[in-house]
Amino acid sequence: MTEMAILKDAKTLEEKLAERYVNEVYRIVIKRNPGEKEFHQATREIFDSLIPLFAKYPRYMEQGILERIVEPERTIMFRVPWVDDKGKIRVNRGYRVQYNSAIGPYKGGIRFHPSVNSSIMKFLGFEQIFKNALTGLPIGGGKGGADFDPKGKSEGEIMRFTQSFMTELYRHIGPDIDVPAGDIGVGQREIGYMFGHYKRIKGAFEAGVFTGKNPTFWGSLGRKEATGYGAVYFTREMLRSKGLDLKGMTVIVSGSGNVSIYAIEKAQALGAKVVACSDSNGYIYDEKGLDLATIKQIKEVERKRIREYVNYHPRAKYREGCSGIWAIPCDIAMPCATQNEIDEQSARMLVKNGVKAVVEGANMPCTLEAIDVFINNGVLFGPGKAANAGGVAVSALEMAQNSMRLPWSFEEVDRKLQEIMKRIYRQCINASEEFGYPGNLMIGANISGFRKVADAMIIQGVV
Ligand code: NDP
Ligand code: 2IT
């Protein structure tokens with residue numbers, strides 16, 4: 001795995017020592033987790049960003065925080081047997097990585113996608129620790145999922161699989177232990193089945209064990225919208241720092257799932273023109289702007305492919321394949337689908353076409369090489385663990401409402417979300433300035449998220 005090139009070349013003695021330490025721990029990670037390329041990538045990015053922190057405060061090295069934090073507190077891996085509609089027995093593998101509980105119960109989504117494996121679970125869980133810390137709310141880091149492919153499955157199959165998954169997972173979670181939510185392939189429908197099954201097994205209505213629930217049973221208003229809206233609020237802060245505004249900007253949003261749809265909704269509400277979005281088969285493009293009601297109908301109601309859009313809007317174009325979307329000229333690119341969707345080549349294309357800001361709605365959608373291209377070319381870069389933290393932040397607000405047994409209005413949640421996104425942006429900027437990389441939100445996010453967790457770990461002793 002290549003190192004990032006964004007750190008300064010001329011290093012002080014302290015920085016050289018910190019770099020040597022980070023590389024030593026990185027070697028242990030590679031040895032202990034062979035072949036886990038996504039996990040290595042997330043580790044590399046975070047580790048390199050921490051060099052300026054360790055150089056200034058060597059106590060984090062002395063306390064062995066990096067060695068401890070990179071190792072999950074616990075990983076659970078389990079069999080998920082279920083019966084399909086034809087009566088055939090199927091088996092999937094389920095996971096829950098309980099990564100870090102220094103500042104709160106484990107918290108993070110569940111992903112159902114055929115690509116799920118230990119590497120993807122660990123990269124997501126590791127990032128989640130720092131993201132959750134950045135929200136300023138009391139939540140630790142975790143992630144879960146299964147290599148189950150929801151595509152083409154009937155409603156009955158989805159429910160039976162999800163219930164079987166919960167039959168094992170229920171014993172490992174709880175409102176003060178570990179609080180899952182959705183991620184790719186898991187939305188309000190699946191959370192409903194999981195919660196219903198958990199409640200049945202436990203014989204208790206423990207509302208706070210899941211977030212992202214339907215508001216009819218204690219789900220927070222605004223949670224569904226929170227990740228996408230939050231990413232746009234974060235973008236607004238980034239643009240403000242350069243005296244720019246979303247109004248009139250041309251935006252590309254990849255994906256057409258939960259994060260994408262509500263990023264499009266808020267971007268449009270703030271006066272931007274969203275010209276393209278996608279799914280794993282291809283992308284749609286309309287230079288005059290997309291119609292969100294049609295996208296919602298196709299994706300949320302009918303659960304069909306994005307190519308259907310051109311049947312309603314013949315002026316729009318559909319192209320097979322995902323990466324072509326980044327060749328469309330835009331001011332703002334928001335990758336909101338999955339990991340590593342923007343590589344170096346796509347990044348160069350975006351830069352050539354004059355992109356002003358790249359904001360990660362998804363987790364790790366840009367490769368390390370792509371991030372280097374953006375930062376070295378002066379493109380504003382919003383890293384996922386800051387930009388998409390609005391989702392988990394409103395999850396924490398859902399936990400708070402569940403504990404109080406009182407709901408907040410949509411407006412109240414949205415107001416709090418806006419404040420949280422502003423605060424996250426400020427924290428990242430302040431840390432980037434304090435550690436000598438002004439404006440580098442990736443370094444700022446990694447350092448400020450890490451510090452909060454590391455300080456709690458130091459106070460708690462060797463745990
Ligand atoms: P959804 O399942 O609702 O939507 C995912 C979208 O991305 C779909 O359009 C899907 O297309 C596309 N996609 C998924 N995998 C791939 C792939 N391998 N290649 C190309 N396209 C793909 O998930 P979310 O919107 O919830 O999540 C999107 C991203 O945002 C993920 O990285 C997730 O971890 C991250 N995230 C989600 C949060 C949330 O609150 N939901 C919070 C913070 C981050 P198709 O339907 O064809 O598979
Ligand atoms: O990646 C993420 O932050 C999520 N999938 C949301 C996690 C949550 O607990 O709301």
# chains A, B, ... in the order shown; residues from 1 in each chain; ligands from 1
$ residues_around --residues "stretch 95-107 of chain A" --least-positions-apart "3" --cutoff "8 Å" --atoms "only C-alpha atoms" --output "PyMOL selection string"
chain A and resi 69+71-78+118+121-122+125-126+128-129+132-133+138-146+169+175-181+453+456-457+460
$ closest_atom_pairs --of "stretch 42-83 of chain A" --to "stretch 380-397 of chain A" --cutoff "12 Å" --atoms "only C-alpha atoms" --output "CSV"
residue,atom,partner,partner_atom,distance
A:Ala42,CA,A:Lys385,CA,11.0
A:Glu45,CA,A:Pro383,CA,10.8
A:Ile46,CA,A:Lys385,CA,10.8
$ write_last_selection --atoms "C-alpha atoms" --output "mmCIF file, in the first residue's frame"
data_model
loop_
_atom_site.group_PDB
_atom_site.id
_atom_site.type_symbol
_atom_site.label_atom_id
_atom_site.label_comp_id
_atom_site.auth_asym_id
_atom_site.auth_seq_id
_atom_site.Cartn_x
_atom_site.Cartn_y
_atom_site.Cartn_z
ATOM 1 C CA ALA A 42 -8.016 3.012 5.944
ATOM 2 C CA GLU A 45 -4.630 7.130 5.735
ATOM 3 C CA ILE A 46 -5.312 7.561 9.435
#
$ closest_atom_pairs --of "stretch 179-260 of chain A" --to "stretch 303-308 of chain A" --cutoff "10 Å" --atoms "only C-alpha atoms" --output "CSV"
residue,atom,partner,partner_atom,distance
A:Gly255,CA,A:Ile306,CA,9.2
A:Ser256,CA,A:Ile306,CA,7.5
A:Gly257,CA,A:Arg303,CA,9.9
$ write_last_selection --atoms "N, CA and C atoms" --output "short mmCIF file (atom, residue, chain, number, x, y, z; two decimals), in the first residue's frame"
data_model
loop_
_atom_site.label_atom_id
_atom_site.label_comp_id
_atom_site.auth_asym_id
_atom_site.auth_seq_id
_atom_site.Cartn_x
_atom_site.Cartn_y
_atom_site.Cartn_z
N GLY A 255 -24.31 6.96 -6.81
CA GLY A 255 -25.25 6.15 -6.06
C GLY A 255 -26.65 6.73 -6.19
N SER A 256 -27.64 5.99 -5.70
CA SER A 256 -29.01 6.49 -5.67
C SER A 256 -29.73 5.83 -4.50
N GLY A 257 -28.98 5.62 -3.42
CA GLY A 257 -29.53 5.01 -2.22
C GLY A 257 -29.86 6.07 -1.18
#
$ residues_around --residues "A:Val358" --least-positions-apart "4" --cutoff "6 Å" --atoms "only C-alpha atoms" --output "ChimeraX atom specification"
/A:332-334,381
$ write_last_selection --atoms "N, CA, C and O atoms" --output "PDB file, in the first residue's frame"
ATOM      1  N   ILE A 332     -18.998  20.409  -7.986  1.00  0.00           N
ATOM      2  CA  ILE A 332     -18.910  19.628  -6.747  1.00  0.00           C
ATOM      3  C   ILE A 332     -19.205  18.169  -7.042  1.00  0.00           C
ATOM      4  O   ILE A 332     -20.211  17.851  -7.688  1.00  0.00           O
ATOM      5  N   ALA A 333     -18.313  17.293  -6.559  1.00  0.00           N
ATOM      6  CA  ALA A 333     -18.524  15.851  -6.724  1.00  0.00           C
ATOM      7  C   ALA A 333     -18.785  15.249  -5.359  1.00  0.00           C
ATOM      8  O   ALA A 333     -18.005  15.456  -4.429  1.00  0.00           O
ATOM      9  N   MET A 334     -19.890  14.513  -5.254  1.00  0.00           N
ATOM     10  CA  MET A 334     -20.225  13.862  -3.977  1.00  0.00           C
ATOM     11  C   MET A 334     -20.349  12.354  -4.187  1.00  0.00           C
ATOM     12  O   MET A 334     -21.418  11.860  -4.547  1.00  0.00           O
ATOM     13  N   PHE A 381     -11.347  19.231  -0.125  1.00  0.00           N
ATOM     14  CA  PHE A 381     -11.648  17.809   0.046  1.00  0.00           C
ATOM     15  C   PHE A 381     -12.289  17.564   1.413  1.00  0.00           C
ATOM     16  O   PHE A 381     -11.692  17.854   2.454  1.00  0.00           O
TER      17      PHE A 381
END
$ residues_near_ligand --ligand "ligand 1" --cutoff "7 Å" --atoms "only C-alpha atoms and all ligand atoms" --output "PyMOL selection string"
chain A and resi 182-187+227+255-260+278-281+305+322+336-339+361-363+365+388-389+391-392
$ closest_residue --among "A:Glu127, A:Asp372, A:Asp343, A:Glu411" --to "ligand 2" --atoms "only C-alpha atoms and all ligand atoms"
A:Glu127
$ select_by_dssp --residues "stretch 241-428 of chain A" --states "strand (DSSP E or B)" --output "ChimeraX atom specification"
/A:250-253,273-278,282-285,317-320,332-334,342,357-359,366,380-382
$ closest_residue --among "A:Glu155, A:Glu38, A:Glu67, A:Asp291" --to "A:Asn117" --atoms "only C-alpha atoms"
A:Glu38
$ residues_around --residues "stretch 429-445 of chain A" --least-positions-apart "2" --cutoff "10 Å" --atoms "only C-alpha atoms" --output "PDB file with N, CA and C atoms, in the first residue's frame"
ATOM      1  N   ILE A   6       0.851  13.604   0.976  1.00  0.00           N
ATOM      2  CA  ILE A   6       0.450  14.949   1.367  1.00  0.00           C
ATOM      3  C   ILE A   6       1.257  15.530   2.531  1.00  0.00           C
ATOM      4  N   LEU A   7       2.012  14.681   3.236  1.00  0.00           N
ATOM      5  CA  LEU A   7       2.792  15.233   4.340  1.00  0.00           C
ATOM      6  C   LEU A   7       3.998  15.993   3.790  1.00  0.00           C
ATOM      7  N   LYS A   8       4.434  16.975   4.557  1.00  0.00           N
ATOM      8  CA  LYS A   8       5.566  17.799   4.104  1.00  0.00           C
ATOM      9  C   LYS A   8       6.822  16.948   3.960  1.00  0.00           C
ATOM     10  N   GLU A  45      -4.188   5.726   5.786  1.00  0.00           N
ATOM     11  CA  GLU A  45      -4.630   7.130   5.735  1.00  0.00           C
ATOM     12  C   GLU A  45      -4.626   7.736   7.141  1.00  0.00           C
ATOM     13  N   ILE A  46      -5.198   7.010   8.084  1.00  0.00           N
ATOM     14  CA  ILE A  46      -5.312   7.561   9.435  1.00  0.00           C
ATOM     15  C   ILE A  46      -3.933   7.665  10.088  1.00  0.00           C
ATOM     16  N   PHE A  47      -3.149   6.610   9.977  1.00  0.00           N
ATOM     17  CA  PHE A  47      -1.820   6.604  10.610  1.00  0.00           C
ATOM     18  C   PHE A  47      -0.976   7.781  10.116  1.00  0.00           C
ATOM     19  N   ASP A  48      -0.912   7.962   8.803  1.00  0.00           N
ATOM     20  CA  ASP A  48      -0.070   9.040   8.260  1.00  0.00           C
ATOM     21  C   ASP A  48      -0.528  10.412   8.765  1.00  0.00           C
ATOM     22  N   SER A  49      -1.846  10.566   8.876  1.00  0.00           N
ATOM     23  CA  SER A  49      -2.373  11.861   9.345  1.00  0.00           C
ATOM     24  C   SER A  49      -1.968  12.162  10.777  1.00  0.00           C
ATOM     25  N   LEU A  50      -1.646  11.103  11.546  1.00  0.00           N
ATOM     26  CA  LEU A  50      -1.381  11.309  12.975  1.00  0.00           C
ATOM     27  C   LEU A  50       0.073  11.690  13.270  1.00  0.00           C
ATOM     28  N   ILE A  51       0.924  11.626  12.252  1.00  0.00           N
ATOM     29  CA  ILE A  51       2.352  11.922  12.482  1.00  0.00           C
ATOM     30  C   ILE A  51       2.546  13.309  13.127  1.00  0.00           C
ATOM     31  N   PRO A  52       1.885  14.357  12.612  1.00  0.00           N
ATOM     32  CA  PRO A  52       2.081  15.675  13.256  1.00  0.00           C
ATOM     33  C   PRO A  52       1.617  15.699  14.719  1.00  0.00           C
ATOM     34  N   LEU A  53       0.579  14.922  15.053  1.00  0.00           N
ATOM     35  CA  LEU A  53       0.094  14.866  16.446  1.00  0.00           C
ATOM     36  C   LEU A  53       1.129  14.181  17.333  1.00  0.00           C
ATOM     37  N   ALA A  55       4.263  13.854  16.829  1.00  0.00           N
ATOM     38  CA  ALA A  55       5.493  14.647  16.920  1.00  0.00           C
ATOM     39  C   ALA A  55       5.346  15.708  18.009  1.00  0.00           C
ATOM     40  N   LYS A  56       4.142  16.271  18.119  1.00  0.00           N
ATOM     41  CA  LYS A  56       3.922  17.333  19.105  1.00  0.00           C
ATOM     42  C   LYS A  56       3.644  16.762  20.502  1.00  0.00           C
ATOM     43  N   PHE A 130     -13.543   7.146  14.811  1.00  0.00           N
ATOM     44  CA  PHE A 130     -13.121   8.553  14.750  1.00  0.00           C
ATOM     45  C   PHE A 130     -14.269   9.454  14.309  1.00  0.00           C
ATOM     46  N   LYS A 131     -15.087   8.919  13.392  1.00  0.00           N
ATOM     47  CA  LYS A 131     -16.271   9.658  12.959  1.00  0.00           C
ATOM     48  C   LYS A 131     -17.179   9.931  14.155  1.00  0.00           C
ATOM     49  N   ALA A 133     -16.478   9.963  17.287  1.00  0.00           N
ATOM     50  CA  ALA A 133     -15.858  10.898  18.227  1.00  0.00           C
ATOM     51  C   ALA A 133     -16.033  12.335  17.729  1.00  0.00           C
ATOM     52  N   LEU A 134     -15.914  12.532  16.421  1.00  0.00           N
ATOM     53  CA  LEU A 134     -16.050  13.882  15.858  1.00  0.00           C
ATOM     54  C   LEU A 134     -17.425  14.484  16.108  1.00  0.00           C
ATOM     55  N   MET A 238     -17.611  24.197   3.812  1.00  0.00           N
ATOM     56  CA  MET A 238     -16.361  24.186   3.035  1.00  0.00           C
ATOM     57  C   MET A 238     -16.351  25.324   2.007  1.00  0.00           C
ATOM     58  N   SER A 241     -15.842  28.908   3.325  1.00  0.00           N
ATOM     59  CA  SER A 241     -14.468  29.288   3.672  1.00  0.00           C
ATOM     60  C   SER A 241     -13.761  29.924   2.479  1.00  0.00           C
ATOM     61  N   ILE A 371      -7.044  11.103  -3.365  1.00  0.00           N
ATOM     62  CA  ILE A 371      -7.014  12.189  -2.359  1.00  0.00           C
ATOM     63  C   ILE A 371      -5.781  13.065  -2.585  1.00  0.00           C
ATOM     64  N   ILE A 375      -5.821  17.127  -3.126  1.00  0.00           N
ATOM     65  CA  ILE A 375      -5.152  18.052  -2.207  1.00  0.00           C
ATOM     66  C   ILE A 375      -4.018  18.789  -2.915  1.00  0.00           C
ATOM     67  N   GLY A 378      -5.278  21.708  -4.995  1.00  0.00           N
ATOM     68  CA  GLY A 378      -6.034  22.782  -4.337  1.00  0.00           C
ATOM     69  C   GLY A 378      -7.541  22.590  -4.379  1.00  0.00           C
ATOM     70  N   LEU A 380     -10.962  21.543  -2.711  1.00  0.00           N
ATOM     71  CA  LEU A 380     -11.453  21.352  -1.342  1.00  0.00           C
ATOM     72  C   LEU A 380     -11.844  19.886  -1.188  1.00  0.00           C
ATOM     73  N   PHE A 381     -11.347  19.231  -0.125  1.00  0.00           N
ATOM     74  CA  PHE A 381     -11.648  17.809   0.046  1.00  0.00           C
ATOM     75  C   PHE A 381     -12.289  17.564   1.413  1.00  0.00           C
ATOM     76  N   GLY A 382     -13.524  17.042   1.397  1.00  0.00           N
ATOM     77  CA  GLY A 382     -14.247  16.742   2.642  1.00  0.00           C
ATOM     78  C   GLY A 382     -14.208  15.248   2.913  1.00  0.00           C
ATOM     79  N   PRO A 383     -13.423  14.816   3.904  1.00  0.00           N
ATOM     80  CA  PRO A 383     -13.279  13.379   4.156  1.00  0.00           C
ATOM     81  C   PRO A 383     -14.553  12.788   4.770  1.00  0.00           C
ATOM     82  N   GLY A 384     -14.849  11.538   4.404  1.00  0.00           N
ATOM     83  CA  GLY A 384     -16.092  10.884   4.829  1.00  0.00           C
ATOM     84  C   GLY A 384     -16.343  10.938   6.316  1.00  0.00           C
ATOM     85  N   LYS A 385     -15.308  10.716   7.107  1.00  0.00           N
ATOM     86  CA  LYS A 385     -15.597  10.591   8.543  1.00  0.00           C
ATOM     87  C   LYS A 385     -16.054  11.915   9.153  1.00  0.00           C
ATOM     88  N   ALA A 386     -15.836  13.004   8.458  1.00  0.00           N
ATOM     89  CA  ALA A 386     -16.407  14.274   8.886  1.00  0.00           C
ATOM     90  C   ALA A 386     -17.695  14.559   8.105  1.00  0.00           C
ATOM     91  N   ALA A 387     -17.611  14.454   6.782  1.00  0.00           N
ATOM     92  CA  ALA A 387     -18.718  14.894   5.924  1.00  0.00           C
ATOM     93  C   ALA A 387     -19.962  14.024   6.058  1.00  0.00           C
ATOM     94  N   ARG A 423     -19.999  22.379  13.752  1.00  0.00           N
ATOM     95  CA  ARG A 423     -19.006  22.152  14.805  1.00  0.00           C
ATOM     96  C   ARG A 423     -17.927  21.179  14.327  1.00  0.00           C
ATOM     97  N   ILE A 424     -18.342  20.141  13.602  1.00  0.00           N
ATOM     98  CA  ILE A 424     -17.362  19.175  13.088  1.00  0.00           C
ATOM     99  C   ILE A 424     -16.398  19.899  12.129  1.00  0.00           C
ATOM    100  N   TYR A 425     -16.973  20.717  11.259  1.00  0.00           N
ATOM    101  CA  TYR A 425     -16.129  21.441  10.299  1.00  0.00           C
ATOM    102  C   TYR A 425     -15.103  22.316  11.039  1.00  0.00           C
ATOM    103  N   ARG A 426     -15.577  23.040  12.038  1.00  0.00           N
ATOM    104  CA  ARG A 426     -14.709  23.935  12.820  1.00  0.00           C
ATOM    105  C   ARG A 426     -13.571  23.149  13.485  1.00  0.00           C
ATOM    106  N   GLN A 427     -13.952  22.007  14.094  1.00  0.00           N
ATOM    107  CA  GLN A 427     -12.945  21.175  14.768  1.00  0.00           C
ATOM    108  C   GLN A 427     -11.865  20.733  13.794  1.00  0.00           C
ATOM    109  N   ILE A 447      -6.938  13.740  13.191  1.00  0.00           N
ATOM    110  CA  ILE A 447      -6.299  14.115  14.456  1.00  0.00           C
ATOM    111  C   ILE A 447      -7.351  14.416  15.519  1.00  0.00           C
ATOM    112  N   SER A 448      -8.382  15.189  15.188  1.00  0.00           N
ATOM    113  CA  SER A 448      -9.294  15.576  16.282  1.00  0.00           C
ATOM    114  C   SER A 448     -10.149  14.398  16.726  1.00  0.00           C
ATOM    115  N   GLY A 449     -10.554  13.505  15.795  1.00  0.00           N
ATOM    116  CA  GLY A 449     -11.297  12.310  16.201  1.00  0.00           C
ATOM    117  C   GLY A 449     -10.432  11.400  17.063  1.00  0.00           C
ATOM    118  N   PHE A 450      -9.200  11.182  16.623  1.00  0.00           N
ATOM    119  CA  PHE A 450      -8.287  10.289  17.353  1.00  0.00           C
ATOM    120  C   PHE A 450      -8.024  10.799  18.767  1.00  0.00           C
ATOM    121  N   ARG A 451      -7.789  12.104  18.870  1.00  0.00           N
ATOM    122  CA  ARG A 451      -7.425  12.667  20.182  1.00  0.00           C
ATOM    123  C   ARG A 451      -8.478  12.436  21.247  1.00  0.00           C
TER     124      ARG A 451
END
$ closest_residue --among "A:Lys352, A:Lys266, A:His313, A:Lys86" --to "A:Asp286" --atoms "only C-alpha atoms"
A:His313
